[in-house]
There are 2 protein chains.
Amino acid sequence: MFRIPKHIGVIPDGNRRWAKKHGFNKEDGYSYGLEPGLQLLHIAQKYGIQELTYYGFTVDNCKRPKKQVMAFSQACIDAIKMVQQENATIRVIGNTQSACFPEELLPYANMELQPASSKDIMNVNFLINYGWEWDMKNNWASRNIPRVDLVLRWGGMCRLSGFLPIQTVYADFYIIKELWPDYEDTQFTDALQWYQMQDITLGG
Amino acid sequence: MFRIPKHIGVIPDGNRRWAKKHGFNKEDGYSYGLEPGLQLLHIAQKYGIQELTYYGFTVDNCKRPKKQVMAFSQACIDAIKMVQQENATIRVIGNTQSACFPEELLPYANMELQPASSKDIMNVNFLINYGWEWDMKNNWASRNIPRVDLVLRWGGMCRLSGFLPIQTVYADFYIIKELWPDYEDTQFTDALQWYQMQDITLGG
């Protein structure tokens with residue numbers, strides 16, 4: 001492949017629909033999204049993607065039933081623990097001032113970007129208790145996160161749902177109809193193939 | 001139809017590709033986009049859409065060859081003249097401080113929203129010499145434009161290209177593969193049908 005996106009945004013939607021479909025409680029879906037997240041990271045590394053940003057959860061998501069809030073928070077904590085084992089620089093972006101922000105993740109939160117010591121080290125960002133309003137009201141709090149080239153969204157919806165509005169102004173969006181726990185590497189490689197055919201103008 | 005978007009964003013992309021395909025110079029494509037714009041407005045009125053925002057041209061577009069810049073500016077002026085004949089409140093949003101902003105459109109520019117005197121009057125907005133950076137740097141200059149429910153983009157690309165990043169955070173995007181001058185009403189009604197099936201959560 002000749003043109004590889006530098007920075008991919010990942011919207012892992014569909015965990016609750018997947019749980020329902022398989023006869024589980026809605027909140028049980030999130031843990032089935034962990035392994036897919038790691039698998040995607042590995043194939044992204046293989047293709048030389050420099051940066052990934054996962055949409056963890058938002059300030060608005062925290063208005064959901066408590067069981068769900070606890071379940072997706074825990075899944076995010078577990079995801080970050082998994083990525084700690086990888087060759088990656090982890091950053092967490094979100095509102096740390098509310099009770100919804102998991103204490104365990106404070107050490108990663110809203111850090112200035114450390115230049116990666118080697119180009120083999122991937123930047124992996126997680127939006128945790130993120131909100132586009134919070135981002136804008138805090139003088140573009142996420143401004144250290146670079147432009148997103150390609151947004152991948154699972155679960156069939158064609159929308160950003162508040163995902164980094166400024167970084168995505170020129171991004172291409174690729175929608176995968178399968179639910180996130182049904183992730184397969186071919187979905188990712190199909191997206192990269194599709195991305196080859198997009199004409200990048202950056203608004204010009 | 002039971003659920004109609006209140007505010008539709010229109011990205012009329014593909015004029016230059018259409019011109020090339022028909023053996024014209026690139027800059028000759030824009031005038032073929034005028035009639036489609038009016039046709040879309042009429043069908044939107046018929047379905048009770050309250051507000052339309054057309055993506056005219058951007059600050060970045062003005063870096064293109066002068067012939068093209070003159071052609072798309074003129075097409076926008078002509079489009080607004082056409083909409084003046086309709087039952088609509090016209091607003092223009094964009095950077096009036098640069099030479100690229102057409103003088104003729106100054107009377108419409110960056111006005112406060114006038115409440116429509118009757119609900120039969122549609123709000124029709126044009127982004128003219130608009131830039132997302134200009135918008136953000138000017139304390140969200142477009143803040144009087146309300147949330148966009150549905151973005152329709154012609155020409156096959158699945159991206160926003162800087163179109164109102166804040167208003168579109170929760171918008172659904174519907175991509176039409178045909179080029180803008182090949183507009184047909186069925187493309188619009190198909191989009192409305194598709195919109196029925198989208199589950200609106202506003203980030204919740």
# chains A, B, ... in the order shown; residues from 1 in each chain; ligands from 1
>>> residues_around(residues="Tyr195 (chain A)", least_positions_apart="3", cutoff="9 Å", atoms="only C-alpha atoms", output="PyMOL selection string")
chain A and resi 3-5+150+172+174+190-192+198-199
>>> write_last_selection(atoms="all heavy atoms", output="PDB file, in the first residue's frame")
ATOM      1  N   ARG A   3      -0.254   4.612   0.442  1.00  0.00           N
ATOM      2  CA  ARG A   3      -0.661   5.750   1.262  1.00  0.00           C
ATOM      3  C   ARG A   3      -1.339   5.245   2.527  1.00  0.00           C
ATOM      4  O   ARG A   3      -2.424   4.681   2.479  1.00  0.00           O
ATOM      5  CB  ARG A   3      -1.626   6.648   0.483  1.00  0.00           C
ATOM      6  CG  ARG A   3      -1.634   8.074   0.981  1.00  0.00           C
ATOM      7  CD  ARG A   3      -2.293   9.008  -0.027  1.00  0.00           C
ATOM      8  NE  ARG A   3      -3.664   8.590  -0.302  1.00  0.00           N
ATOM      9  CZ  ARG A   3      -4.697   8.907   0.471  1.00  0.00           C
ATOM     10  NH1 ARG A   3      -4.532   9.654   1.530  1.00  0.00           N
ATOM     11  NH2 ARG A   3      -5.905   8.482   0.165  1.00  0.00           N
ATOM     12  N   ILE A   4      -0.642   5.444   3.627  1.00  0.00           N
ATOM     13  CA  ILE A   4      -1.103   4.915   4.901  1.00  0.00           C
ATOM     14  C   ILE A   4      -1.495   6.105   5.780  1.00  0.00           C
ATOM     15  O   ILE A   4      -0.739   7.072   5.867  1.00  0.00           O
ATOM     16  CB  ILE A   4       0.060   4.122   5.555  1.00  0.00           C
ATOM     17  CG1 ILE A   4       0.310   2.807   4.809  1.00  0.00           C
ATOM     18  CG2 ILE A   4      -0.155   3.870   7.040  1.00  0.00           C
ATOM     19  CD1 ILE A   4      -0.780   1.763   5.001  1.00  0.00           C
ATOM     20  N   PRO A   5      -2.678   6.072   6.400  1.00  0.00           N
ATOM     21  CA  PRO A   5      -3.029   7.182   7.298  1.00  0.00           C
ATOM     22  C   PRO A   5      -2.067   7.222   8.487  1.00  0.00           C
ATOM     23  O   PRO A   5      -1.687   6.180   9.012  1.00  0.00           O
ATOM     24  CB  PRO A   5      -4.453   6.836   7.747  1.00  0.00           C
ATOM     25  CG  PRO A   5      -4.617   5.368   7.482  1.00  0.00           C
ATOM     26  CD  PRO A   5      -3.724   5.035   6.335  1.00  0.00           C
ATOM     27  N   LEU A 150      -8.235   9.335   9.256  1.00  0.00           N
ATOM     28  CA  LEU A 150      -9.260   8.348   8.930  1.00  0.00           C
ATOM     29  C   LEU A 150      -9.998   7.980  10.218  1.00  0.00           C
ATOM     30  O   LEU A 150      -9.371   7.701  11.228  1.00  0.00           O
ATOM     31  CB  LEU A 150      -8.573   7.105   8.337  1.00  0.00           C
ATOM     32  CG  LEU A 150      -9.422   5.873   8.030  1.00  0.00           C
ATOM     33  CD1 LEU A 150     -10.498   6.174   6.994  1.00  0.00           C
ATOM     34  CD2 LEU A 150      -8.534   4.719   7.550  1.00  0.00           C
ATOM     35  N   ASP A 172     -11.421  11.386   6.599  1.00  0.00           N
ATOM     36  CA  ASP A 172     -12.333  10.510   5.870  1.00  0.00           C
ATOM     37  C   ASP A 172     -12.991   9.559   6.859  1.00  0.00           C
ATOM     38  O   ASP A 172     -12.332   9.061   7.776  1.00  0.00           O
ATOM     39  CB  ASP A 172     -11.556   9.709   4.811  1.00  0.00           C
ATOM     40  CG  ASP A 172     -11.249  10.550   3.596  1.00  0.00           C
ATOM     41  OD1 ASP A 172     -12.195  10.968   2.912  1.00  0.00           O
ATOM     42  OD2 ASP A 172     -10.051  10.817   3.354  1.00  0.00           O
ATOM     43  N   TYR A 174     -15.033   6.015   7.519  1.00  0.00           N
ATOM     44  CA  TYR A 174     -15.311   4.691   6.946  1.00  0.00           C
ATOM     45  C   TYR A 174     -16.166   3.929   7.954  1.00  0.00           C
ATOM     46  O   TYR A 174     -15.785   3.786   9.113  1.00  0.00           O
ATOM     47  CB  TYR A 174     -13.995   3.960   6.692  1.00  0.00           C
ATOM     48  CG  TYR A 174     -14.156   2.620   6.013  1.00  0.00           C
ATOM     49  CD1 TYR A 174     -14.264   2.512   4.629  1.00  0.00           C
ATOM     50  CD2 TYR A 174     -14.204   1.447   6.767  1.00  0.00           C
ATOM     51  CE1 TYR A 174     -14.400   1.280   4.013  1.00  0.00           C
ATOM     52  CE2 TYR A 174     -14.348   0.210   6.154  1.00  0.00           C
ATOM     53  CZ  TYR A 174     -14.448   0.131   4.777  1.00  0.00           C
ATOM     54  OH  TYR A 174     -14.583  -1.090   4.161  1.00  0.00           O
ATOM     55  N   ASP A 190      -9.726  -3.682   4.744  1.00  0.00           N
ATOM     56  CA  ASP A 190     -10.641  -3.128   3.727  1.00  0.00           C
ATOM     57  C   ASP A 190     -10.684  -1.601   3.832  1.00  0.00           C
ATOM     58  O   ASP A 190     -10.710  -0.894   2.820  1.00  0.00           O
ATOM     59  CB  ASP A 190     -12.071  -3.665   3.919  1.00  0.00           C
ATOM     60  CG  ASP A 190     -12.212  -5.111   3.448  1.00  0.00           C
ATOM     61  OD1 ASP A 190     -11.266  -5.643   2.831  1.00  0.00           O
ATOM     62  OD2 ASP A 190     -13.265  -5.715   3.718  1.00  0.00           O
ATOM     63  N   ALA A 191     -10.693  -1.098   5.065  1.00  0.00           N
ATOM     64  CA  ALA A 191     -10.720   0.351   5.280  1.00  0.00           C
ATOM     65  C   ALA A 191      -9.443   0.996   4.723  1.00  0.00           C
ATOM     66  O   ALA A 191      -9.511   2.047   4.074  1.00  0.00           O
ATOM     67  CB  ALA A 191     -10.875   0.673   6.761  1.00  0.00           C
ATOM     68  N   LEU A 192      -8.319   0.355   4.946  1.00  0.00           N
ATOM     69  CA  LEU A 192      -7.063   0.905   4.416  1.00  0.00           C
ATOM     70  C   LEU A 192      -7.058   0.900   2.892  1.00  0.00           C
ATOM     71  O   LEU A 192      -6.583   1.843   2.257  1.00  0.00           O
ATOM     72  CB  LEU A 192      -5.851   0.119   4.934  1.00  0.00           C
ATOM     73  CG  LEU A 192      -5.453   0.303   6.398  1.00  0.00           C
ATOM     74  CD1 LEU A 192      -4.101  -0.352   6.657  1.00  0.00           C
ATOM     75  CD2 LEU A 192      -5.398   1.773   6.811  1.00  0.00           C
ATOM     76  N   GLN A 198      -9.105   7.527  -1.721  1.00  0.00           N
ATOM     77  CA  GLN A 198      -9.626   8.850  -1.390  1.00  0.00           C
ATOM     78  C   GLN A 198      -8.602   9.903  -1.789  1.00  0.00           C
ATOM     79  O   GLN A 198      -7.403   9.746  -1.578  1.00  0.00           O
ATOM     80  CB  GLN A 198      -9.960   8.958   0.107  1.00  0.00           C
ATOM     81  CG  GLN A 198     -10.901   7.877   0.597  1.00  0.00           C
ATOM     82  CD  GLN A 198     -12.115   7.688  -0.290  1.00  0.00           C
ATOM     83  OE1 GLN A 198     -12.857   8.618  -0.543  1.00  0.00           O
ATOM     84  NE2 GLN A 198     -12.290   6.465  -0.781  1.00  0.00           N
ATOM     85  N   ASP A 199      -9.112  10.966  -2.315  1.00  0.00           N
ATOM     86  CA  ASP A 199      -8.294  12.066  -2.797  1.00  0.00           C
ATOM     87  C   ASP A 199      -8.175  13.073  -1.649  1.00  0.00           C
ATOM     88  O   ASP A 199      -9.163  13.649  -1.213  1.00  0.00           O
ATOM     89  CB  ASP A 199      -9.049  12.639  -4.010  1.00  0.00           C
ATOM     90  CG  ASP A 199      -8.705  14.058  -4.315  1.00  0.00           C
ATOM     91  OD1 ASP A 199      -7.519  14.395  -4.210  1.00  0.00           O
ATOM     92  OD2 ASP A 199      -9.631  14.826  -4.668  1.00  0.00           O
TER      93      ASP A 199
END
>>> residues_around(residues="Tyr54 (chain A)", least_positions_apart="3", cutoff="8 Å", atoms="only C-alpha atoms", output="PyMOL selection string")
chain A and resi 9-12+124-127
>>> select_by_dssp(residues="region 11-202 of chain A", states="strand (DSSP E or B)", output="ChimeraX atom specification")
/A:11,51-58,88-93,109,122-130,150-154,159,172-176
>>> interface_residues(of="chain A", to="chain B", cutoff="7 Å", atoms="only C-alpha atoms", output="PDB file with C-alpha atoms, in the first residue's frame")
ATOM      1  CA  ASP A  60     -22.902  12.253  28.024  1.00  0.00           C
ATOM      2  CA  ASN A  61     -22.517   8.446  28.175  1.00  0.00           C
ATOM      3  CA  LYS A  63     -25.985   9.659  32.107  1.00  0.00           C
ATOM      4  CA  CYS A 158     -22.487   7.354   9.889  1.00  0.00           C
ATOM      5  CA  ARG A 159     -21.811  10.089  12.425  1.00  0.00           C
ATOM      6  CA  LEU A 160     -19.056  11.379  14.693  1.00  0.00           C
ATOM      7  CA  SER A 161     -21.055  11.565  17.953  1.00  0.00           C
ATOM      8  CA  GLY A 162     -18.812  14.342  19.221  1.00  0.00           C
ATOM      9  CA  PRO A 165     -14.623  17.792  16.118  1.00  0.00           C
ATOM     10  CA  ILE A 166     -11.569  19.918  15.318  1.00  0.00           C
ATOM     11  CA  VAL A 169     -12.484  18.445  10.005  1.00  0.00           C
ATOM     12  CA  TYR A 170     -10.641  16.867   7.041  1.00  0.00           C
ATOM     13  CA  ALA A 171     -10.845  13.202   8.068  1.00  0.00           C
ATOM     14  CA  ASP A 172     -12.333  10.510   5.870  1.00  0.00           C
ATOM     15  CA  PHE A 173     -15.019   8.423   7.565  1.00  0.00           C
ATOM     16  CA  GLY A 203      -9.989  21.531   2.148  1.00  0.00           C
ATOM     17  CA  GLY A 204      -8.030  22.971  -0.814  1.00  0.00           C
TER      18      GLY A 204
END
>>> residues_around(residues="Asp13 (chain A)", least_positions_apart="5", cutoff="6 Å", atoms="only C-alpha atoms", output="PyMOL selection string")
chain A and resi 154-155+180
>>> write_last_selection(atoms="C-alpha atoms", output="mmCIF file, in the first residue's frame")
data_model
loop_
_atom_site.group_PDB
_atom_site.id
_atom_site.type_symbol
_atom_site.label_atom_id
_atom_site.label_comp_id
_atom_site.auth_asym_id
_atom_site.auth_seq_id
_atom_site.Cartn_x
_atom_site.Cartn_y
_atom_site.Cartn_z
ATOM 1 C CA TRP A 154 -18.226 0.098 13.820
ATOM 2 C CA GLY A 155 -21.939 -0.570 14.254
ATOM 3 C CA TRP A 180 -17.555 -3.804 17.444
#
>>> closest_residue(among="A:Gln193, A:Ala88, A:Leu179, A:Ser73", to="Lys20 (chain A)", atoms="only C-alpha atoms")
A:Leu179
>>> select_by_dssp(residues="region 17-80 of chain B", states="helix (DSSP H, G or I)", output="PyMOL selection string")
chain B and resi 17-21+26-46+60-63+66-80
>>> closest_residue(among="A:Pro36, A:Gly94, A:Pro181, A:Pro107", to="Arg143 (chain A)", atoms="only C-alpha atoms")
A:Gly94
>>> atom_distance(atom1="CA of His7 (chain A)", atom2="CA of Asn129 (chain A)")
20.9 Å
>>> closest_residue(among="A:Ile128, A:Ala99, A:Met70, A:Ile90", to="Gly56 (chain A)", atoms="only C-alpha atoms")
A:Ile128
>>> residues_around(residues="Leu38 (chain A)", least_positions_apart="6", cutoff="8 Å", atoms="only C-alpha atoms", output="ChimeraX atom specification")
/A:79,82-83
